[in-house]
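Novice: Just so it is clear, I am handing over target.txt, which has compact mmCIF, N, CA and C atoms.
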# COMPACT_ATOMS: atom_id res chain seq x y z
N MET B 1 123.23 38.89 66.90
CA MET B 1 122.24 39.90 67.24
C MET B 1 122.47 41.17 66.43
N CYS B 2 123.72 41.51 66.22
CA CYS B 2 124.04 42.72 65.48
C CYS B 2 123.60 42.59 64.02
N LEU B 3 123.68 41.39 63.47
CA LEU B 3 123.29 41.16 62.08
C LEU B 3 121.80 41.41 61.86
N SER B 4 120.94 40.98 62.78
CA SER B 4 119.51 41.19 62.61
C SER B 4 119.14 42.66 62.76
N LYS B 5 119.85 43.40 63.61
CA LYS B 5 119.59 44.84 63.75
C LYS B 5 119.97 45.56 62.46
N GLN B 6 121.08 45.17 61.87
CA GLN B 6 121.51 45.76 60.60
C GLN B 6 120.51 45.41 59.50
N PHE B 7 120.00 44.19 59.51
CA PHE B 7 119.03 43.78 58.50
C PHE B 7 117.74 44.58 58.61
N LEU B 8 117.28 44.82 59.82
CA LEU B 8 116.03 45.57 60.01
C LEU B 8 116.17 47.04 59.64
N GLN B 9 117.36 47.58 59.72
CA GLN B 9 117.58 48.99 59.40
C GLN B 9 117.92 49.20 57.93
N ASP B 10 118.17 48.16 57.20
CA ASP B 10 118.52 48.27 55.79
C ASP B 10 117.28 48.63 54.98
N GLU B 11 117.35 49.70 54.18
CA GLU B 11 116.22 50.16 53.38
C GLU B 11 116.50 50.10 51.89
N SER B 12 117.41 49.26 51.47
CA SER B 12 117.81 49.23 50.06
C SER B 12 116.71 48.70 49.14
N GLY B 13 115.79 47.87 49.63
CA GLY B 13 114.72 47.36 48.79
C GLY B 13 113.42 48.13 48.92
N ALA B 14 113.43 49.22 49.70
CA ALA B 14 112.20 49.97 49.94
C ALA B 14 111.68 50.63 48.66
N VAL B 15 112.57 51.07 47.80
CA VAL B 15 112.14 51.72 46.56
C VAL B 15 111.42 50.72 45.66
N THR B 16 111.91 49.51 45.61
CA THR B 16 111.27 48.47 44.81
C THR B 16 109.87 48.17 45.33
N VAL B 17 109.73 48.07 46.61
CA VAL B 17 108.42 47.82 47.21
C VAL B 17 107.48 48.98 46.91
N ASP B 18 107.98 50.21 46.99
CA ASP B 18 107.14 51.38 46.66
C ASP B 18 106.64 51.32 45.23
N TRP B 19 107.51 50.96 44.29
CA TRP B 19 107.10 50.89 42.89
C TRP B 19 106.10 49.77 42.63
N VAL B 20 106.27 48.65 43.31
CA VAL B 20 105.33 47.54 43.15
C VAL B 20 103.95 47.94 43.67
N VAL B 21 103.91 48.58 44.82
CA VAL B 21 102.63 49.03 45.39
C VAL B 21 102.00 50.09 44.50
N LEU B 22 102.78 51.03 44.02
CA LEU B 22 102.26 52.09 43.14
C LEU B 22 101.72 51.51 41.84
N THR B 23 102.46 50.60 41.24
CA THR B 23 102.03 49.99 39.98
C THR B 23 100.76 49.17 40.16
N SER B 24 100.68 48.41 41.23
CA SER B 24 99.46 47.63 41.46
C SER B 24 98.27 48.54 41.72
N GLY B 25 98.48 49.66 42.39
CA GLY B 25 97.40 50.63 42.59
C GLY B 25 96.90 51.20 41.28
N VAL B 26 97.81 51.52 40.38
CA VAL B 26 97.42 52.06 39.07
C VAL B 26 96.65 51.02 38.27
N VAL B 27 97.08 49.78 38.32
CA VAL B 27 96.38 48.71 37.59
C VAL B 27 94.97 48.50 38.15
N ILE B 28 94.84 48.51 39.46
CA ILE B 28 93.52 48.34 40.07
C ILE B 28 92.60 49.50 39.71
N LEU B 29 93.11 50.71 39.74
CA LEU B 29 92.29 51.87 39.36
C LEU B 29 91.88 51.81 37.90
N ALA B 30 92.77 51.35 37.04
CA ALA B 30 92.43 51.23 35.62
C ALA B 30 91.33 50.21 35.40
N VAL B 31 91.40 49.08 36.08
CA VAL B 31 90.36 48.05 35.95
C VAL B 31 89.03 48.58 36.46
N LEU B 32 89.06 49.29 37.59
CA LEU B 32 87.82 49.84 38.15
C LEU B 32 87.24 50.94 37.27
N ALA B 33 88.08 51.69 36.57
CA ALA B 33 87.60 52.76 35.72
C ALA B 33 87.03 52.24 34.40
N VAL B 34 87.56 51.14 33.90
CA VAL B 34 87.13 50.61 32.61
C VAL B 34 85.83 49.84 32.71
N SER B 35 85.61 49.13 33.79
CA SER B 35 84.45 48.25 33.89
C SER B 35 83.10 48.96 33.74
N PRO B 36 82.88 50.17 34.24
CA PRO B 36 81.57 50.79 34.03
C PRO B 36 81.34 51.31 32.61
N ILE B 37 82.39 51.49 31.82
CA ILE B 37 82.19 52.07 30.49
C ILE B 37 82.25 51.04 29.37
N VAL B 38 82.43 49.78 29.70
CA VAL B 38 82.51 48.75 28.66
C VAL B 38 81.18 48.63 27.93
N GLY B 39 80.07 48.62 28.65
CA GLY B 39 78.75 48.49 28.03
C GLY B 39 78.42 49.64 27.08
N PRO B 40 78.54 50.90 27.53
CA PRO B 40 78.27 52.01 26.62
C PRO B 40 79.18 52.06 25.41
N ILE B 41 80.43 51.65 25.56
CA ILE B 41 81.34 51.63 24.41
C ILE B 41 80.90 50.57 23.40
N SER B 42 80.45 49.42 23.89
CA SER B 42 79.95 48.38 22.99
C SER B 42 78.70 48.86 22.25
N ASP B 43 77.83 49.55 22.96
CA ASP B 43 76.63 50.10 22.32
C ASP B 43 77.00 51.12 21.26
N LEU B 44 77.95 51.98 21.56
CA LEU B 44 78.38 52.98 20.59
C LEU B 44 79.02 52.32 19.37
N ALA B 45 79.81 51.28 19.59
CA ALA B 45 80.43 50.58 18.47
C ALA B 45 79.36 49.93 17.59
N ALA B 46 78.32 49.37 18.20
CA ALA B 46 77.24 48.77 17.41
C ALA B 46 76.49 49.84 16.63
N PHE B 47 76.28 51.01 17.23
CA PHE B 47 75.61 52.11 16.53
C PHE B 47 76.43 52.57 15.33
N ILE B 48 77.73 52.70 15.51
CA ILE B 48 78.60 53.11 14.41
C ILE B 48 78.60 52.07 13.31
N ARG B 49 78.65 50.78 13.68
CA ARG B 49 78.60 49.70 12.69
C ARG B 49 77.30 49.77 11.89
N ASP B 50 76.18 49.95 12.56
CA ASP B 50 74.90 50.02 11.87
C ASP B 50 74.81 51.25 10.97
N SER B 51 75.36 52.37 11.43
CA SER B 51 75.35 53.58 10.62
C SER B 51 76.19 53.41 9.35
N ILE B 52 77.34 52.76 9.47
CA ILE B 52 78.18 52.54 8.31
C ILE B 52 77.50 51.57 7.35
N ASN B 53 76.86 50.54 7.88
CA ASN B 53 76.16 49.58 7.02
C ASN B 53 75.01 50.24 6.27
N SER B 54 74.28 51.13 6.95
CA SER B 54 73.16 51.78 6.26
C SER B 54 73.65 52.82 5.26
N ALA B 55 74.78 53.45 5.54
CA ALA B 55 75.32 54.44 4.60
C ALA B 55 75.97 53.75 3.41
N SER B 56 76.44 52.53 3.57
CA SER B 56 77.08 51.86 2.45
C SER B 56 76.08 51.48 1.37
N ALA B 57 74.79 51.45 1.69
CA ALA B 57 73.78 51.17 0.68
C ALA B 57 73.73 52.27 -0.37
N PHE B 58 74.09 53.47 0.01
CA PHE B 58 74.10 54.60 -0.93
C PHE B 58 75.32 54.59 -1.84
N LEU B 59 76.31 53.83 -1.47
CA LEU B 59 77.53 53.78 -2.27
C LEU B 59 77.46 52.75 -3.39
N ASP B 60 76.53 51.84 -3.30
CA ASP B 60 76.43 50.80 -4.32
C ASP B 60 75.82 51.32 -5.59
In structure tokens, how does this file's structure come out?

Specialist:
Amino acid sequence: MCLSKQFLQDESGAVTVDWVVLTSGVVILAVLAVSPIVGPISDLAAFIRDSINSASAFLD
């Protein structure tokens, strides 16, 4: 009985659990933040590609 009480009061792994929860929260927030801007970034990249292609005609 004394062993289980000591086990329940032991907090040596609490820091690891905190870091795992914090890291997973950061990853989830990053995924949620990136998903709405993927479309506009692709559109901007296509615009830049087209602008470079049209400007390269003047270099020939």

Novice: One decimal, in Å: what's the spacing between atom CA of Gly13 of chain B and atom CA of Leu29 of chain B?

Specialist: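 We find that atom CA of Gly13 of chain B and atom CA of Leu29 of chain B lie 24.7 Å from each other.
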
Novice: Have a look at atom CA of Ile28 of chain B and atom CA of Val15 of chain B and let me know their distance in Å, one decimal.

Specialist: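 Atom CA of Ile28 of chain B sits 20.0 Å away from atom CA of Val15 of chain B.
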
Novice: Take atom C of Leu8 of chain B and atom CA of Leu22 of chain B and report the distance between them in Å, one decimal.

Specialist: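 Atom CA of Leu22 of chain B lies 22.2 Å from atom C of Leu8 of chain B.
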
Novice: Using the chain letters and numbers from this document, which residues of chain B does DSSP assign to alpha helix (DSSP H), as a VMD selection string?

Specialist: chain B and resid 2 to 9 14 to 34 38 to 56
